>>> print(open('start.cif').read())   # mmCIF, C-alpha atoms
data_protein
#
loop_
_atom_site.label_atom_id
_atom_site.label_comp_id
_atom_site.auth_asym_id
_atom_site.auth_seq_id
_atom_site.Cartn_x
_atom_site.Cartn_y
_atom_site.Cartn_z
CA MET A 195 -7.65 9.74 -22.55
CA HIS A 196 -8.04 12.38 -19.81
CA TYR A 197 -9.32 9.70 -17.43
CA VAL A 198 -6.17 7.68 -18.10
CA ILE A 199 -3.94 10.72 -17.54
CA ALA A 200 -5.72 11.43 -14.23
CA GLY A 201 -5.30 7.79 -13.23
CA TYR A 202 -1.58 7.77 -14.01
CA LEU A 203 -1.08 11.12 -12.25
CA PHE A 204 -2.59 9.72 -9.07
CA SER A 205 -0.86 6.33 -9.33
CA PHE A 206 2.62 7.70 -9.88
CA GLY A 207 2.26 11.10 -8.22
CA ALA A 208 0.85 10.18 -4.82
CA PRO A 209 3.47 7.56 -3.85
CA ALA A 210 6.17 9.92 -5.19
CA LEU A 211 4.87 12.74 -2.97
CA TYR A 212 4.72 10.36 0.00
CA GLY A 213 8.33 9.33 -0.71
CA VAL A 214 9.42 12.97 -0.88
CA SER A 215 7.60 13.70 2.40
CA LEU A 216 9.46 10.78 4.08
CA TRP A 217 12.77 12.08 2.76
CA TRP A 218 11.92 15.60 3.94
CA ARG A 219 10.90 14.45 7.43
CA GLY A 220 14.11 12.42 7.68
CA ARG A 221 16.21 15.37 6.62
CA ARG A 222 14.48 17.72 9.08
CA GLY A 223 14.94 15.14 11.87
CA ARG A 224 18.67 14.96 11.21
CA GLY A 225 19.09 18.72 11.08
CA MET B 45 20.38 -6.04 -3.21
CA GLN B 46 19.42 -3.19 -0.85
CA ARG B 47 21.38 -0.72 -2.96
CA LEU B 48 19.68 -1.93 -6.12
CA LEU B 49 16.18 -1.40 -4.75
CA GLY B 50 16.04 2.29 -5.71
CA PRO B 51 17.43 1.98 -9.26
CA LEU B 52 15.37 -1.16 -9.98
CA THR B 53 12.22 0.58 -8.80
CA LEU B 54 12.86 3.63 -10.98
CA VAL B 55 13.65 1.55 -14.07
CA SER B 56 10.58 -0.67 -13.68
CA LEU B 57 8.32 2.31 -12.98
CA ALA B 58 9.62 4.11 -16.07
CA ALA B 59 9.06 0.92 -18.10
CA THR B 60 5.48 0.62 -16.80
CA PHE B 61 4.82 4.27 -17.67
CA VAL B 62 6.17 4.01 -21.23
CA LEU B 63 4.78 0.55 -21.99
CA GLY B 64 1.39 1.37 -20.46
CA LEU B 65 0.89 4.69 -22.20
CA TRP B 66 2.60 4.19 -25.56
CA VAL B 67 3.64 0.64 -26.44
CA THR B 68 0.54 -1.39 -25.55
CA PRO B 69 -2.42 -1.24 -27.94
CA LYS B 70 -5.72 0.53 -27.38
CA ALA B 71 -8.75 -1.65 -26.89
CA THR B 72 -10.84 -1.95 -30.06
CA MET B 73 -14.28 -0.39 -30.24
CA HIS B 74 -15.67 -3.91 -30.05
CA ASP B 75 -14.02 -4.46 -26.64
CA GLY B 76 -15.00 -0.96 -25.55
CA GLY B 77 -12.79 1.29 -23.51
CA GLY B 78 -10.23 2.48 -26.10
CA ASP B 79 -7.42 4.12 -24.11
CA LEU B 80 -9.11 3.24 -20.84
CA VAL B 81 -7.56 -0.20 -21.06
CA ARG B 82 -4.31 1.51 -20.00
CA MET B 83 -5.70 1.71 -16.46
CA LEU B 84 -5.05 -2.03 -16.41
CA TYR B 85 -1.37 -1.25 -15.84
CA VAL B 86 -1.88 0.75 -12.66
CA HIS B 87 -5.08 -0.26 -10.86
CA PRO B 88 -4.50 -4.04 -10.45
CA ALA B 89 -0.86 -3.48 -9.42
CA LEU B 90 -1.92 -0.93 -6.79
CA ALA B 91 -4.59 -3.32 -5.50
CA TRP B 92 -2.05 -6.17 -5.43
CA VAL B 93 0.32 -4.10 -3.27
CA ALA B 94 -2.46 -2.72 -1.03
CA LEU B 95 -4.30 -5.95 -0.33
CA TYR B 96 -1.69 -8.69 -0.51
CA VAL B 97 1.88 -7.39 -0.21
CA SER B 98 1.34 -4.56 2.23
CA PHE B 99 -1.42 -6.07 4.31
CA GLY B 100 0.47 -9.36 4.24
CA THR B 101 3.51 -7.58 5.71
CA THR B 102 1.42 -6.14 8.55
CA THR B 103 -0.28 -9.45 9.27
CA ILE B 104 2.93 -11.48 9.32
CA ALA B 105 4.80 -8.87 11.38
CA SER B 106 1.86 -8.64 13.81
CA ALA B 107 1.72 -12.43 14.21
CA LEU B 108 5.49 -12.55 14.75
CA TYR B 109 5.16 -9.85 17.39
CA LEU B 110 2.46 -11.74 19.26
CA TRP B 111 4.51 -14.93 19.18
CA LYS B 112 6.83 -14.68 22.20
CA ARG B 113 9.85 -16.20 20.48
CA THR B 114 9.93 -13.63 17.72
CA ARG B 115 8.59 -10.65 19.68
CA SER B 116 10.63 -7.51 19.00
CA ASN B 117 10.27 -3.79 18.43
CA THR B 118 11.31 -4.42 14.83
CA MET B 119 8.17 -6.49 14.17
CA ASP B 120 5.96 -3.83 15.73
CA ARG B 121 7.60 -1.09 13.66
CA VAL B 122 7.38 -3.07 10.43
CA ALA B 123 3.66 -3.76 11.02
CA TYR B 124 2.99 -0.09 11.70
CA CYS B 125 5.02 1.26 8.77
CA ALA B 126 3.49 -1.28 6.36
CA MET B 127 0.00 -0.26 7.47
CA GLU B 128 0.76 3.40 6.85
CA VAL B 129 1.93 2.61 3.31
CA SER B 130 -1.15 0.36 2.92
CA VAL B 131 -3.45 3.31 3.56
CA LEU B 132 -1.87 5.16 0.65
CA PHE B 133 -2.16 2.18 -1.71
CA ILE B 134 -5.74 1.29 -0.70
CA ALA B 135 -6.79 4.90 -1.27
CA LEU B 136 -5.09 4.85 -4.70
CA THR B 137 -6.79 1.55 -5.56
CA LEU B 138 -10.16 3.16 -4.82
CA ILE B 139 -9.30 6.37 -6.69
CA THR B 140 -8.02 4.63 -9.84
CA GLY B 141 -10.97 2.22 -9.73
CA SER B 142 -13.32 5.17 -9.53
CA ILE B 143 -11.58 6.93 -12.45
CA TRP B 144 -12.06 3.76 -14.50
CA GLY B 145 -15.64 3.26 -13.28
CA ARG B 146 -16.95 6.69 -14.32
CA PRO B 147 -16.50 6.24 -18.11
CA THR B 148 -17.12 2.48 -18.00
CA TRP B 149 -20.05 2.05 -15.61
CA GLY B 150 -21.26 5.65 -15.78
CA VAL B 151 -20.77 6.24 -12.06
CA TRP B 152 -17.85 7.27 -9.86
CA TRP B 153 -18.96 4.93 -7.10
CA ALA B 154 -21.32 1.98 -6.65
CA TRP B 155 -22.17 0.14 -3.44
CA ASP B 156 -20.85 -3.03 -4.97
CA ALA B 157 -19.46 -5.91 -2.87
CA ARG B 158 -15.82 -5.48 -3.85
CA LEU B 159 -15.83 -1.68 -3.80
CA THR B 160 -17.60 -1.53 -0.45
CA SER B 161 -15.38 -4.15 1.20
CA THR B 162 -12.29 -2.27 -0.05
CA ALA B 163 -13.66 1.01 1.32
CA ILE B 164 -14.26 -0.74 4.66
CA LEU B 165 -10.65 -1.92 4.60
CA LEU B 166 -9.47 1.68 4.18
CA VAL B 167 -11.51 2.76 7.20
CA LEU B 168 -10.19 -0.20 9.24
CA ALA B 169 -6.61 0.63 8.22
CA LEU B 170 -7.13 4.24 9.33
CA GLY B 171 -8.51 2.78 12.57
CA TYR B 172 -5.21 0.96 13.05
CA LEU B 173 -3.30 4.25 12.78
CA ALA B 174 -5.75 5.89 15.22
CA LEU B 175 -5.35 2.98 17.66
CA ARG B 176 -1.60 3.51 17.73
CA ARG B 177 -2.05 7.15 18.64
CA ALA B 178 -4.50 6.25 21.41
CA ASN B 179 -1.93 4.25 23.41
CA ASP B 180 1.12 5.81 25.03
CA ASP B 181 2.68 2.73 26.54
CA PRO B 182 4.80 1.15 23.75
CA GLU B 183 4.13 -2.45 24.84
CA THR B 184 0.36 -2.05 25.17
CA ARG B 185 0.30 -0.19 21.87
CA ALA B 186 2.27 -2.88 20.08
CA ARG B 187 0.15 -5.73 21.49
CA ARG B 188 -3.21 -4.12 20.77
CA SER B 189 -2.11 -3.03 17.29
CA ALA B 190 -0.89 -6.54 16.48
CA VAL B 191 -4.22 -8.11 17.49
CA TYR B 192 -6.15 -5.47 15.56
CA GLY B 193 -3.84 -5.83 12.54
CA ILE B 194 -4.56 -9.55 12.32
CA LEU B 195 -8.32 -9.06 12.75
CA VAL B 196 -8.42 -6.42 10.00
CA ALA B 197 -6.61 -8.77 7.61
CA LEU B 198 -9.65 -11.10 7.76
CA ASN B 199 -11.31 -8.62 5.40
CA VAL B 200 -8.73 -9.29 2.65
CA PRO B 201 -10.05 -12.73 1.56
CA ILE B 202 -13.57 -11.26 1.63
CA ILE B 203 -12.43 -8.58 -0.86
CA HIS B 204 -10.63 -11.16 -3.00
CA PHE B 205 -13.63 -13.46 -3.30
CA ALA B 206 -16.29 -10.69 -3.31
CA VAL B 207 -16.55 -10.88 -7.12
CA THR B 208 -17.26 -14.62 -6.91
CA TRP B 209 -19.48 -14.72 -3.83
CA TRP B 210 -21.78 -11.86 -4.76
CA LYS B 211 -23.07 -10.44 -8.02
CA SER B 212 -20.56 -7.69 -8.65
CA LEU B 213 -20.03 -4.90 -11.15
CA HIS B 214 -16.30 -5.48 -10.80
CA GLN B 215 -14.86 -7.98 -13.26
CA ASN B 216 -13.60 -11.35 -12.08
CA ALA B 217 -9.93 -12.16 -11.50
CA THR B 218 -7.74 -11.84 -14.60
CA VAL B 219 -4.36 -12.86 -13.23
CA LEU B 220 -4.83 -14.24 -9.71
CA THR B 221 -7.39 -16.83 -10.75
CA VAL B 222 -8.12 -20.03 -8.86
CA SER B 223 -7.49 -22.14 -11.98
CA GLY B 224 -4.22 -20.32 -12.77
CA LYS B 225 -5.50 -19.44 -16.25
CA VAL B 226 -4.37 -15.95 -17.28
CA SER B 227 -6.67 -14.17 -19.73
CA VAL B 228 -4.29 -11.40 -20.89
CA HIS B 229 -1.75 -11.87 -23.71
CA GLY B 230 1.19 -10.36 -25.59
CA SER B 231 2.54 -6.89 -24.76
CA MET B 232 -0.43 -6.35 -22.45
CA LEU B 233 0.57 -9.32 -20.31
CA TRP B 234 4.21 -8.22 -20.17
CA THR B 235 3.28 -4.69 -19.23
CA LEU B 236 0.91 -6.00 -16.58
CA LEU B 237 3.70 -8.13 -15.09
CA VAL B 238 6.19 -5.23 -15.20
CA SER B 239 3.63 -3.01 -13.45
CA PHE B 240 3.20 -5.58 -10.68
CA ILE B 241 6.98 -5.75 -10.20
CA ALA B 242 7.35 -1.94 -10.35
CA PHE B 243 4.70 -1.14 -7.75
CA THR B 244 5.85 -4.01 -5.48
CA LEU B 245 9.42 -2.69 -5.55
CA TRP B 246 8.16 0.84 -4.96
CA TYR B 247 6.23 -0.40 -1.94
CA PHE B 248 9.37 -1.98 -0.43
CA TRP B 249 11.36 1.18 -1.14
CA LEU B 250 8.74 3.33 0.63
CA LEU B 251 8.47 0.82 3.49
CA ARG B 252 12.23 0.90 4.01
CA ALA B 253 12.26 4.71 4.05
CA ARG B 254 9.31 4.81 6.47
CA TYR B 255 10.96 2.21 8.71
CA ARG B 256 14.22 4.15 8.89
CA LEU B 257 12.29 7.28 9.79
CA GLU B 258 10.46 5.41 12.56
CA VAL B 259 13.74 4.08 14.02
CA ARG B 260 15.18 7.59 14.04
CA SER B 261 12.04 9.02 15.63
CA ASP B 262 12.13 6.31 18.37
CA GLU B 263 15.78 7.09 19.05
CA ALA B 264 15.02 10.80 19.33
CA THR B 265 12.15 10.12 21.78
CA ARG B 266 14.40 7.89 23.89
CA ALA B 267 17.16 10.51 23.95
CA GLN B 268 14.67 13.21 24.97
CA LEU B 269 13.29 11.01 27.75
CA ALA B 270 16.78 10.20 29.02
CA SER B 271 17.78 13.87 29.13
CA ALA B 272 14.53 14.79 30.93
CA VAL B 273 15.16 12.09 33.54
CA LEU B 274 18.74 13.28 34.00
CA GLU B 275 17.56 16.85 34.48
CA ARG B 276 15.00 15.77 37.07
CA GLN B 277 17.68 13.80 38.94
CA ARG B 278 19.94 16.86 39.00
CA GLU B 279 17.09 18.99 40.33
CA GLY B 280 16.57 16.40 43.06
CA ALA B 281 20.24 16.46 43.99
#
>>> encode(input="start.cif", output="structure tokens")
Amino acid sequence: MHYVIAGYLFSFGAPALYGVSLWWRGRRGRG
Amino acid sequence: MQRLLGPLTLVSLAATFVLGLWVTPKATMHDGGGDLVRMLYVHPALAWVALYVSFGTTTIASALYLWKRTRSNTMDRVAYCAMEVSVLFIALTLITGSIWGRPTWGVWWAWDARLTSTAILLVLALGYLALRRANDDPETRARRSAVYGILVALNVPIIHFAVTWWKSLHQNATVLTVSGKVSVHGSMLWTLLVSFIAFTLWYFWLLRARYRLEVRSDEATRAQLASAVLERQREGA
């Protein structure tokens, strides 16, 4: 099961982090 | 529809997460894998977005840029932003495939036809991003990137048919088969479909955010350039 957990962490976590980084860059650009 | 993109993405992602981890059954000992079958609800969807949706966006936008009638900065930006998101999804396809491969094949990586061609695609996609940084003139950059973007996409059918053309460790197509015969059933099939929808929507959400950021960054560069020119003119006067 730990392989599955690692897989899901990457699959959901990485795009979420990328999304947050886009939001952060946009916010910094506006400020 | 634009406003619904965010909520729809979140709902479908949550559904994929719950269905994939709790509702769908484990594989039996006879099938092998046990809980590992749950990787079926992330890896194929990531590959679908990386290879077809995202690369498709870059290829179409690049072709539309090269065609004089439809040439616009928008097409260039879309191609670039889609390629950046592609890099993320190709990397995740390789990572999740590797996580599945270790307990199933006994190795994290094999120089197999499909794995190798996908790894090559990642390098080529990174090359696209490097190419954009190597050109300062926006028009030259857009033209060269568009040509390169189309050439790189030629690798996609090679990856798709790699499991048929060569002897491969990777299993054959389960959903996107030539005959149209789907070999997954019940809650597994539904979850698989939901996962495809969820990651596709997520891709479009990320692409839209990346595109907006690019527009804002272009505007800022233009404003900076205009103020620098104005300052130089004043100095001259």
>>> resolve_selection(input="start.cif", expression="the PyMOL selection byres ((chain A) within 8 of (chain B))", output="NGL selection string")
:A and (195 or 197-198 or 200-202 or 204-205 or 208-209 or 213 or 216-217 or 219-220 or 223)
>>> atom_distance(input="start.cif", atom1="CA of Thr60 (chain B)", atom2="CA of Leu165 (chain B)")
26.9 Å
>>> atom_distance(input="start.cif", atom1="CA of Val97 (chain B)", atom2="CA of Ala126 (chain B)")
9.1 Å
>>> residues_near_point(input="start.cif", point="(-0.2, -3.9, 19.6)", cutoff="9 Å", atoms="only C-alpha atoms", output="count of residues only")
18
>>> resolve_selection(input="start.cif", expression="the PyMOL selection byres ((chain B and resi 208-215) around 12)", output="ChimeraX atom specification")
/B:84,88,141-142,144-145,148-151,153-162,201-207,216-219,221-222
>>> axis_aligned_box(input="start.cif", around="region 144-154 of chain B", padding_each_side="8 Å", output="lines of an AutoDock Vina configuration file")
center_x = -16.7
center_y = 4.6
center_z = -12.4
size_x = 25.3
size_y = 21.3
size_z = 27.5
>>> atom_distance(input="start.cif", atom1="CA of Val55 (chain B)", atom2="CA of Thr102 (chain B)")
26.8 Å
